[in-house]
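Enquirer: So here's my_file.tsv, just TSV, C-alpha atoms:
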chain	number	residue	atom	x	y	z
A	1	ASP	CA	112.34	-11.72	135.88
A	2	THR	CA	111.86	-13.15	132.40
A	3	GLY	CA	114.36	-10.88	130.70
A	4	VAL	CA	113.88	-8.87	127.52
A	5	SER	CA	111.62	-10.61	125.04
A	6	GLN	CA	111.60	-9.96	121.28
A	7	ASP	CA	109.13	-11.21	118.72
A	8	PRO	CA	109.45	-12.63	116.15
A	9	ARG	CA	112.89	-14.26	116.39
A	10	HIS	CA	113.15	-14.49	112.63
A	11	LYS	CA	111.41	-12.64	109.82
A	12	ILE	CA	111.78	-13.21	106.10
A	13	THR	CA	110.14	-10.66	103.85
A	14	LYS	CA	110.20	-9.50	100.28
A	15	ARG	CA	111.64	-6.17	99.29
A	16	GLY	CA	109.04	-3.42	99.52
A	17	GLN	CA	106.98	-5.04	102.28
A	18	ASN	CA	106.47	-3.50	105.71
A	19	VAL	CA	107.55	-5.33	108.86
A	20	THR	CA	106.97	-4.71	112.56
A	21	PHE	CA	108.96	-6.06	115.48
A	22	ARG	CA	107.95	-6.09	119.14
A	23	CYS	CA	110.07	-5.79	122.27
A	24	ASP	CA	108.90	-6.45	125.82
A	25	PRO	CA	111.44	-5.03	128.29
A	26	ILE	CA	112.11	-6.09	131.86
A	27	SER	CA	109.04	-4.83	133.68
A	28	GLU	CA	110.51	-2.18	135.99
A	29	HIS	CA	112.93	-0.77	133.38
A	30	ASN	CA	112.16	2.77	132.24
A	31	ARG	CA	114.63	2.95	129.33
A	32	LEU	CA	114.35	0.97	126.14
A	33	TYR	CA	116.89	0.92	123.32
A	34	TRP	CA	116.92	-0.38	119.74
A	35	TYR	CA	120.18	-1.43	118.10
A	36	ARG	CA	120.93	-3.04	114.74
A	37	GLN	CA	123.70	-5.55	114.11
A	38	THR	CA	124.92	-6.73	110.73
A	39	LEU	CA	127.04	-9.82	110.18
A	40	GLY	CA	130.60	-9.41	111.46
A	41	GLN	CA	129.93	-6.05	113.10
A	42	GLY	CA	129.06	-4.79	116.53
A	43	PRO	CA	125.58	-3.40	117.23
A	44	GLU	CA	124.75	0.15	116.10
A	45	PHE	CA	122.52	2.45	118.12
A	46	LEU	CA	119.19	3.33	116.47
A	47	THR	CA	116.98	5.01	119.06
A	48	TYR	CA	115.96	5.03	122.69
A	49	PHE	CA	113.00	5.81	124.92
A	50	GLN	CA	112.69	6.94	128.47
A	51	ASN	CA	109.24	5.83	129.54
A	52	GLU	CA	107.05	6.67	126.52
A	53	ALA	CA	109.20	9.54	125.22
A	54	GLN	CA	111.54	8.90	122.30
A	55	LEU	CA	114.54	10.94	123.33
A	56	GLU	CA	117.02	10.31	120.54
A	57	LYS	CA	117.18	8.87	117.04
A	58	SER	CA	120.35	7.98	115.18
A	59	ARG	CA	121.05	9.48	111.76
A	60	LEU	CA	121.11	5.84	110.64
A	61	LEU	CA	117.36	5.73	111.13
A	62	SER	CA	115.83	6.74	107.82
A	63	ASP	CA	112.25	7.97	107.43
A	64	ARG	CA	111.21	4.41	106.64
A	65	PHE	CA	111.88	3.45	110.26
A	66	SER	CA	109.55	4.35	113.11
A	67	ALA	CA	109.54	3.24	116.72
A	68	GLU	CA	106.94	3.64	119.41
A	69	ARG	CA	106.57	2.89	123.08
A	70	PRO	CA	102.97	3.97	123.64
A	71	LYS	CA	102.48	3.22	127.33
A	72	GLY	CA	106.08	3.17	128.43
A	73	SER	CA	106.13	-0.61	128.46
A	74	PHE	CA	106.54	-2.63	125.24
A	75	SER	CA	107.94	-1.06	122.07
A	76	THR	CA	107.48	-1.66	118.37
A	77	LEU	CA	109.89	-0.95	115.53
A	78	GLU	CA	108.36	-0.70	112.06
A	79	ILE	CA	110.25	-0.66	108.79
A	80	GLN	CA	108.29	0.46	105.74
A	81	ARG	CA	109.17	-0.47	102.16
A	82	THR	CA	111.97	-2.78	103.23
A	83	GLU	CA	115.23	-2.88	101.27
A	84	GLN	CA	117.86	-5.59	101.08
A	85	GLY	CA	120.20	-3.37	103.08
A	86	ASP	CA	117.78	-3.58	106.00
A	87	SER	CA	118.72	-7.24	106.52
A	88	ALA	CA	120.23	-7.43	110.00
A	89	MET	CA	119.64	-8.51	113.58
A	90	TYR	CA	117.48	-5.96	115.37
A	91	LEU	CA	118.27	-5.93	119.07
A	92	CYS	CA	116.22	-4.43	121.86
A	93	ALA	CA	117.69	-3.63	125.27
A	94	SER	CA	116.22	-2.22	128.46
A	95	SER	CA	117.66	-0.62	131.57
A	96	LEU	CA	116.87	1.29	134.72
A	97	ALA	CA	118.18	4.83	134.26
A	98	GLY	CA	121.13	5.57	136.52
A	99	THR	CA	124.74	6.71	136.58
A	100	VAL	CA	127.14	5.57	133.85
A	101	ARG	CA	128.44	2.95	136.28
A	102	ASP	CA	125.06	1.77	137.53
A	103	GLU	CA	122.96	1.67	134.38
A	104	LYS	CA	123.16	-1.81	132.87
A	105	LEU	CA	121.74	-2.79	129.51
A	106	PHE	CA	119.95	-6.12	129.20
A	107	PHE	CA	119.60	-7.24	125.60
A	108	GLY	CA	116.96	-9.47	124.10
A	109	SER	CA	117.79	-12.29	121.70
A	110	GLY	CA	116.99	-10.11	118.73
A	111	THR	CA	114.88	-10.36	115.59
A	112	GLN	CA	116.81	-11.57	112.55
A	113	LEU	CA	115.40	-9.86	109.45
A	114	SER	CA	116.11	-11.17	105.97
A	115	VAL	CA	114.88	-9.09	103.04
A	116	LEU	CA	114.79	-11.03	99.76
B	117	THR	CA	134.98	5.10	110.30
B	118	GLN	CA	135.03	2.72	113.26
B	119	LEU	CA	135.22	4.76	116.46
B	120	LEU	CA	136.28	1.73	118.45
B	121	GLU	CA	138.81	-0.65	116.93
B	122	GLN	CA	139.16	-4.09	118.43
B	123	SER	CA	142.14	-6.34	117.88
B	124	PRO	CA	142.56	-9.05	117.05
B	125	GLN	CA	139.32	-9.69	115.17
B	126	PHE	CA	139.85	-13.45	115.40
B	127	LEU	CA	141.87	-15.44	117.92
B	128	SER	CA	142.19	-19.20	118.23
B	129	ILE	CA	144.33	-20.60	121.05
B	130	GLN	CA	144.76	-23.73	123.11
B	131	GLU	CA	143.15	-24.31	126.47
B	132	GLY	CA	145.32	-23.04	129.30
B	133	GLU	CA	146.95	-20.20	127.37
B	134	ASN	CA	146.62	-16.52	128.27
B	135	LEU	CA	145.31	-13.87	125.88
B	136	THR	CA	144.64	-10.16	125.64
B	137	VAL	CA	142.07	-8.37	123.51
B	138	TYR	CA	142.45	-4.66	122.81
B	139	CYS	CA	139.89	-1.93	122.24
B	140	ASN	CA	141.29	1.38	120.96
B	141	SER	CA	139.92	4.76	119.99
B	142	SER	CA	141.02	8.34	119.46
B	143	SER	CA	137.90	9.48	121.32
B	144	VAL	CA	137.36	9.83	125.05
B	145	PHE	CA	134.53	7.82	126.58
B	146	SER	CA	132.65	8.44	129.80
B	147	SER	CA	132.49	4.67	130.32
B	148	LEU	CA	133.62	1.52	128.58
B	149	GLN	CA	131.75	-1.76	128.70
B	150	TRP	CA	132.64	-5.30	127.67
B	151	TYR	CA	130.03	-7.75	126.44
B	152	ARG	CA	130.03	-11.37	125.39
B	153	GLN	CA	127.69	-12.56	122.65
B	154	GLU	CA	126.76	-16.11	121.70
B	155	PRO	CA	125.47	-16.98	118.20
B	156	GLY	CA	121.81	-16.06	117.77
B	157	GLU	CA	121.65	-14.22	121.09
B	158	GLY	CA	122.00	-10.65	122.30
B	159	PRO	CA	125.15	-9.37	124.02
B	160	VAL	CA	125.50	-9.97	127.76
B	161	LEU	CA	127.22	-7.32	129.87
B	162	LEU	CA	130.42	-8.49	131.60
B	163	VAL	CA	131.77	-5.29	133.14
B	164	THR	CA	131.64	-1.48	133.11
B	165	VAL	CA	134.73	0.65	133.74
B	166	VAL	CA	134.42	4.37	134.31
B	167	THR	CA	137.57	5.81	135.83
B	168	GLY	CA	140.82	6.22	133.88
B	169	GLY	CA	143.24	3.46	134.91
B	170	GLU	CA	140.48	1.39	136.49
B	171	VAL	CA	141.04	-2.35	136.71
B	172	LYS	CA	138.26	-4.85	137.31
B	173	LYS	CA	138.55	-8.59	137.75
B	174	LEU	CA	135.90	-11.18	137.04
B	175	LYS	CA	137.35	-14.59	137.95
B	176	ARG	CA	139.98	-15.25	135.23
B	177	LEU	CA	139.06	-12.11	133.27
B	178	THR	CA	140.82	-8.78	133.94
B	179	PHE	CA	139.52	-5.56	132.39
B	180	GLN	CA	141.45	-2.29	132.28
B	181	PHE	CA	140.42	1.19	131.21
B	182	GLY	CA	143.22	3.35	129.83
B	183	ASP	CA	144.40	6.36	131.81
B	184	ALA	CA	143.05	8.75	129.16
B	185	ARG	CA	139.75	6.80	128.87
B	186	LYS	CA	140.34	6.16	125.17
B	187	ASP	CA	141.22	2.49	125.26
B	188	SER	CA	140.64	-0.73	127.16
B	189	SER	CA	141.90	-4.28	127.35
B	190	LEU	CA	140.52	-7.65	128.33
B	191	HIS	CA	142.97	-10.25	129.59
B	192	ILE	CA	141.98	-13.88	130.10
B	193	THR	CA	144.20	-16.14	132.16
B	194	ALA	CA	144.29	-19.89	131.58
B	195	ALA	CA	141.59	-19.80	128.90
B	196	GLN	CA	138.99	-22.56	128.88
B	197	PRO	CA	136.75	-23.84	126.07
B	198	GLY	CA	133.80	-22.22	127.86
B	199	ASP	CA	135.39	-18.81	127.17
B	200	THR	CA	134.72	-19.28	123.45
B	201	GLY	CA	132.52	-16.52	122.05
B	202	LEU	CA	132.35	-13.04	120.55
B	203	TYR	CA	133.69	-10.32	122.84
B	204	LEU	CA	132.53	-6.76	122.20
B	205	CYS	CA	133.73	-3.53	123.71
B	206	ALA	CA	131.35	-0.57	123.78
B	207	GLY	CA	131.86	3.03	124.79
B	208	ALA	CA	129.43	5.64	125.99
B	209	ARG	CA	130.37	9.08	124.61
B	210	ILE	CA	128.11	11.07	126.90
B	211	GLN	CA	126.65	10.62	130.32
B	212	GLY	CA	122.93	10.16	130.76
B	213	ALA	CA	122.11	7.32	128.37
B	214	GLN	CA	123.55	4.06	127.12
B	215	LYS	CA	123.88	5.28	123.56
B	216	LEU	CA	126.80	2.96	122.97
B	217	VAL	CA	129.41	2.80	120.22
B	218	PHE	CA	130.47	-0.82	119.74
B	219	GLY	CA	133.68	-2.25	118.37
B	220	GLN	CA	133.43	-4.86	115.65
B	221	GLY	CA	134.15	-7.66	118.09
B	222	THR	CA	136.82	-10.28	118.72
B	223	ARG	CA	135.81	-13.84	117.93
B	224	LEU	CA	137.62	-16.04	120.41
B	225	THR	CA	137.98	-19.82	120.06
B	226	ILE	CA	139.56	-21.90	122.80
B	227	ASN	CA	140.53	-25.37	121.62
B	228	PRO	CA	140.55	-28.24	124.14
Using C-alpha cells, write down the structure from this file.
Expert:
Amino acid sequence: DTGVSQDPRHKITKRGQNVTFRCDPISEHNRLYWYRQTLGQGPEFLTYFQNEAQLEKSRLLSDRFSAERPKGSFSTLEIQRTEQGDSAMYLCASSLAGTVRDEKLFFGSGTQLSVL
Amino acid sequence: TQLLEQSPQFLSIQEGENLTVYCNSSSVFSSLQWYRQEPGEGPVLLVTVVTGGEVKKLKRLTFQFGDARKDSSLHITAAQPGDTGLYLCAGARIQGAQKLVFGQGTRLTINP
C-alpha cells in the first residue's frame, strides 16, 4: 500500500494559465475526494467521486474548476484561467465507502499551487 | 461563517503538561473526526467518534464527543515534543460520504 499519491507537489503558474493536478488513490478505494486548504485554515470540501461518478460538487467550485475520474481509478483536477485567489494546497483523499464510523479518509501530501 | 470553531488556535506549553483543545459548533454532526497535520503534508486521521457522549482513548490522547453531537474535545496528558503539530477537527453533516467540515485548526507546540 503506497498511500495516496499527488502530482505535482508544487506548481507555480501565472495568472490566466490553466493547470492540472493528478491524484492516484489507494488502489482498492472506491471513493475519491478533493479538498482545498488555504494558509491558516482547515481544508474545504470541493468534490467527490464514487467510482467514476462525480456525486457532489461544492458551491465553492466555480465553472473554472473541473474534475474527472475517468476509469474510477486516478483523478485529475483542472483549473482554467487561474486567479491569485486560487493559490492554495489542493488535497486529494481516498476511502472505501462504509458507515460513518468505518469509512476512513486517507489524504495525499497535496499539490501546493501558487498563482503569480 | 466557520461551522466548527476550534480553540485555542495556538497553544505553546512545556513538556509534561496537560492540555485540552475544543471544537464547538451550533450544528449537529453525524460523526466527528480528529486529524493531525504536519507542515507540507496532508491530514492524518486520529479518531472518529459517532455516538453522543462517546469517549475514545489513543495512548495519552482522549477524545470526547458532546452529548448533543455538536462539540468535541481532545485532551493530551503529559504532552511530549512529538505531539507538536496542527490538530484539526472535522464533522460530517450527513451520513453516506465524508463531505467534511473542518475547523481552522489548533497549532500545538510542546517545548522540551
Enquirer: Within 9 Å of chain B, which residues of chain A are there when counting only C-alpha atoms? Please give them as a ChimeraX atom specification.
Expert: /A:31,33,40-48,89,91-93,95,97-110,112
Enquirer: Would you save the residues of that selection, restricted to C-alpha atoms, as a CSV table (one decimal), in the frame of the given file?
Expert:
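The result, written out as again_15.csv:
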chain,number,residue,atom,x,y,z
A,31,ARG,CA,114.6,3.0,129.3
A,33,TYR,CA,116.9,0.9,123.3
A,40,GLY,CA,130.6,-9.4,111.5
A,41,GLN,CA,129.9,-6.0,113.1
A,42,GLY,CA,129.1,-4.8,116.5
A,43,PRO,CA,125.6,-3.4,117.2
A,44,GLU,CA,124.8,0.2,116.1
A,45,PHE,CA,122.5,2.4,118.1
A,46,LEU,CA,119.2,3.3,116.5
A,47,THR,CA,117.0,5.0,119.1
A,48,TYR,CA,116.0,5.0,122.7
A,89,MET,CA,119.6,-8.5,113.6
A,91,LEU,CA,118.3,-5.9,119.1
A,92,CYS,CA,116.2,-4.4,121.9
A,93,ALA,CA,117.7,-3.6,125.3
A,95,SER,CA,117.7,-0.6,131.6
A,97,ALA,CA,118.2,4.8,134.3
A,98,GLY,CA,121.1,5.6,136.5
A,99,THR,CA,124.7,6.7,136.6
A,100,VAL,CA,127.1,5.6,133.8
A,101,ARG,CA,128.4,3.0,136.3
A,102,ASP,CA,125.1,1.8,137.5
A,103,GLU,CA,123.0,1.7,134.4
A,104,LYS,CA,123.2,-1.8,132.9
A,105,LEU,CA,121.7,-2.8,129.5
A,106,PHE,CA,120.0,-6.1,129.2
A,107,PHE,CA,119.6,-7.2,125.6
A,108,GLY,CA,117.0,-9.5,124.1
A,109,SER,CA,117.8,-12.3,121.7
A,110,GLY,CA,117.0,-10.1,118.7
A,112,GLN,CA,116.8,-11.6,112.6
Enquirer: Can you tell me which residues surround A:Arg69 at a distance of at most 8 Å, considering only C-alpha atoms, apart from same-chain residues fewer than 2 positions away, and format the answer as a PyMOL selection string?
Expert: chain A and resi 49+51-54+67+71-76
Enquirer: Please, could you write that set of residues out with C-alpha atoms as a PDB file, in the coordinates of the input?
Expert:
ATOM      1  CA  PHE A  49     113.000   5.810 124.920  1.00  0.00           C
ATOM      2  CA  ASN A  51     109.240   5.830 129.540  1.00  0.00           C
ATOM      3  CA  GLU A  52     107.050   6.670 126.520  1.00  0.00           C
ATOM      4  CA  ALA A  53     109.200   9.540 125.220  1.00  0.00           C
ATOM      5  CA  GLN A  54     111.540   8.900 122.300  1.00  0.00           C
ATOM      6  CA  ALA A  67     109.540   3.240 116.720  1.00  0.00           C
ATOM      7  CA  LYS A  71     102.480   3.220 127.330  1.00  0.00           C
ATOM      8  CA  GLY A  72     106.080   3.170 128.430  1.00  0.00           C
ATOM      9  CA  SER A  73     106.130  -0.610 128.460  1.00  0.00           C
ATOM     10  CA  PHE A  74     106.540  -2.630 125.240  1.00  0.00           C
ATOM     11  CA  SER A  75     107.940  -1.060 122.070  1.00  0.00           C
ATOM     12  CA  THR A  76     107.480  -1.660 118.370  1.00  0.00           C
TER      13      THR A  76
END
Enquirer: When you draw a straight line from atom CA of A:Lys57 to atom CA of A:Trp34, how long is it in Å?
Expert: 9.6 Å
Enquirer: Could you pull the residues within 6 Å of stretch 3-11 of chain A, counting all atoms listed in the file, minus those fewer than 6 positions along the same chain, as a count of residues only?
Expert: 10
Enquirer: Which is closer to A:Leu116 than all the others in A:Gln84, A:Thr2, A:Ser62, A:Thr38, using only C-alpha atoms?
Expert: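 For A:Leu116, the nearest of the given residues is A:Gln84.
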Enquirer: To one decimal place in Å, what is the distance between atom CA of B:Gly168 and atom CA of B:His191?
Expert: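 One can read the atom CA of B:Gly168 to atom CA of B:His191 distance as 17.2 Å.
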Enquirer: Give, as lines of an AutoDock Vina configuration file, the centre coordinates and the x, y and z edge lengths in Å to one decimal for an axis-aligned box around all listed atoms of stretch 163-170 of chain B, padded by 3 Å on each side.
Expert:
center_x = 137.4
center_y = 0.5
center_z = 134.8
size_x = 17.6
size_y = 17.5
size_z = 9.4
Enquirer: Please report the interatomic distance between atom CA of B:Tyr138 and atom CA of A:Gln37 in Å with one decimal.
Expert: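 According to the coordinates, atom CA of B:Tyr138 and atom CA of A:Gln37 are separated by 20.7 Å.
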Enquirer: Nearest residue to A:Arg81 out of A:Gln17, A:Ser58, A:Ser114, A:Asn30, using all atoms listed in the file?
Expert: A:Gln17
Enquirer: Which residue is closest to B:Pro124? Choose from B:Phe179, B:Gly201, B:Thr136, B:Ser143 and count only C-alpha atoms.
Expert: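 Among B:Phe179, B:Gly201, B:Thr136, B:Ser143, it is B:Thr136 that comes nearest to B:Pro124.
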Enquirer: Which residues are close to A:Thr82, i.e. within 10 Å by all atoms listed in the file, leaving aside same-chain residues fewer than 4 positions away? Reply as a list in words.
Expert: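 Within the cut-off, the hits are Thr13, Lys14, Arg15, Gly16, Gln17, Asn18, Val19, Arg64, Phe65, Glu78, Asp86, Ser87, Ser114, Val115 and Leu116 of chain A.
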Enquirer: Can you pull out the residues contacting B:Gly182? Cut-off 9 Å, using all atoms listed in the file, and skip same-chain residues under 4 positions away; I want them as a list of chain:residue names.
Expert: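 Once the adjacent positions are removed, what remains is B:Thr167, B:Gly168, B:Gly169, B:Glu170, B:Lys186, B:Asp187, B:Ser188, B:Ser189.
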Enquirer: Some atoms are missing, so please complete stretch 12-23 of chain A with all heavy atoms and return it as a compact mmCIF listing (two decimals), in the coordinates of the input.
Expert:
# COMPACT_ATOMS: atom_id res chain seq x y z
N ILE A 12 111.36 -13.27 107.49
CA ILE A 12 111.78 -13.21 106.10
C ILE A 12 110.71 -12.46 105.34
O ILE A 12 109.52 -12.78 105.46
CB ILE A 12 111.97 -14.62 105.52
CG1 ILE A 12 113.04 -15.38 106.30
CG2 ILE A 12 112.36 -14.54 104.04
CD1 ILE A 12 113.19 -16.83 105.90
N THR A 13 111.11 -11.46 104.58
CA THR A 13 110.14 -10.66 103.85
C THR A 13 110.68 -10.33 102.47
O THR A 13 111.88 -10.45 102.20
CB THR A 13 109.81 -9.37 104.62
OG1 THR A 13 108.68 -8.73 104.03
CG2 THR A 13 110.98 -8.40 104.60
N LYS A 14 109.78 -9.92 101.62
CA LYS A 14 110.20 -9.50 100.28
C LYS A 14 110.43 -8.01 100.27
O LYS A 14 109.76 -7.25 100.99
CB LYS A 14 109.13 -9.88 99.25
CG LYS A 14 108.98 -11.38 99.05
CD LYS A 14 107.97 -11.68 97.98
CE LYS A 14 107.85 -13.20 97.76
NZ LYS A 14 106.84 -13.54 96.74
N ARG A 15 111.34 -7.59 99.44
CA ARG A 15 111.64 -6.17 99.29
C ARG A 15 110.37 -5.38 99.01
O ARG A 15 109.53 -5.80 98.21
CB ARG A 15 112.63 -6.00 98.13
CG ARG A 15 113.24 -4.62 98.00
CD ARG A 15 114.25 -4.60 96.89
NE ARG A 15 113.72 -5.19 95.66
CZ ARG A 15 114.44 -5.46 94.58
NH1 ARG A 15 115.73 -5.26 94.61
NH2 ARG A 15 113.90 -5.96 93.51
N GLY A 16 110.21 -4.26 99.71
CA GLY A 16 109.04 -3.42 99.52
C GLY A 16 107.94 -3.64 100.53
O GLY A 16 107.03 -2.80 100.65
N GLN A 17 107.99 -4.76 101.26
CA GLN A 17 106.98 -5.04 102.28
C GLN A 17 107.31 -4.28 103.56
O GLN A 17 108.45 -3.87 103.80
CB GLN A 17 106.93 -6.54 102.57
CG GLN A 17 106.54 -7.38 101.36
CD GLN A 17 105.10 -7.12 100.96
OE1 GLN A 17 104.18 -7.25 101.76
NE2 GLN A 17 104.91 -6.75 99.70
N ASN A 18 106.29 -4.11 104.39
CA ASN A 18 106.47 -3.50 105.71
C ASN A 18 106.60 -4.61 106.76
O ASN A 18 105.96 -5.66 106.63
CB ASN A 18 105.26 -2.63 106.07
CG ASN A 18 105.05 -1.49 105.09
OD1 ASN A 18 105.95 -1.13 104.34
ND2 ASN A 18 103.85 -0.93 105.11
N VAL A 19 107.41 -4.36 107.76
CA VAL A 19 107.55 -5.33 108.86
C VAL A 19 107.50 -4.58 110.19
O VAL A 19 107.86 -3.41 110.27
CB VAL A 19 108.88 -6.12 108.78
CG1 VAL A 19 108.90 -7.03 107.56
CG2 VAL A 19 110.09 -5.20 108.77
N THR A 20 107.04 -5.28 111.21
CA THR A 20 106.97 -4.71 112.56
C THR A 20 107.51 -5.72 113.55
O THR A 20 107.17 -6.90 113.51
CB THR A 20 105.53 -4.35 112.94
OG1 THR A 20 105.03 -3.40 112.00
CG2 THR A 20 105.48 -3.74 114.34
N PHE A 21 108.38 -5.22 114.44
CA PHE A 21 108.96 -6.06 115.48
C PHE A 21 108.49 -5.54 116.83
O PHE A 21 108.28 -4.34 117.01
CB PHE A 21 110.50 -6.00 115.47
CG PHE A 21 111.12 -6.21 114.12
CD1 PHE A 21 112.20 -5.44 113.73
CD2 PHE A 21 110.63 -7.16 113.24
CE1 PHE A 21 112.79 -5.62 112.50
CE2 PHE A 21 111.21 -7.35 112.01
CZ PHE A 21 112.30 -6.57 111.63
N ARG A 22 108.40 -6.47 117.81
CA ARG A 22 107.95 -6.09 119.14
C ARG A 22 109.03 -6.40 120.16
O ARG A 22 109.76 -7.39 120.03
CB ARG A 22 106.68 -6.83 119.49
CG ARG A 22 106.18 -6.53 120.90
CD ARG A 22 104.93 -7.28 121.24
NE ARG A 22 104.62 -7.18 122.66
CZ ARG A 22 103.49 -6.64 123.13
NH1 ARG A 22 102.55 -6.19 122.30
NH2 ARG A 22 103.27 -6.60 124.43
N CYS A 23 109.14 -5.57 121.17
CA CYS A 23 110.07 -5.79 122.27
C CYS A 23 109.32 -5.59 123.58
O CYS A 23 108.69 -4.55 123.80
CB CYS A 23 111.24 -4.81 122.19
SG CYS A 23 112.31 -4.86 123.64
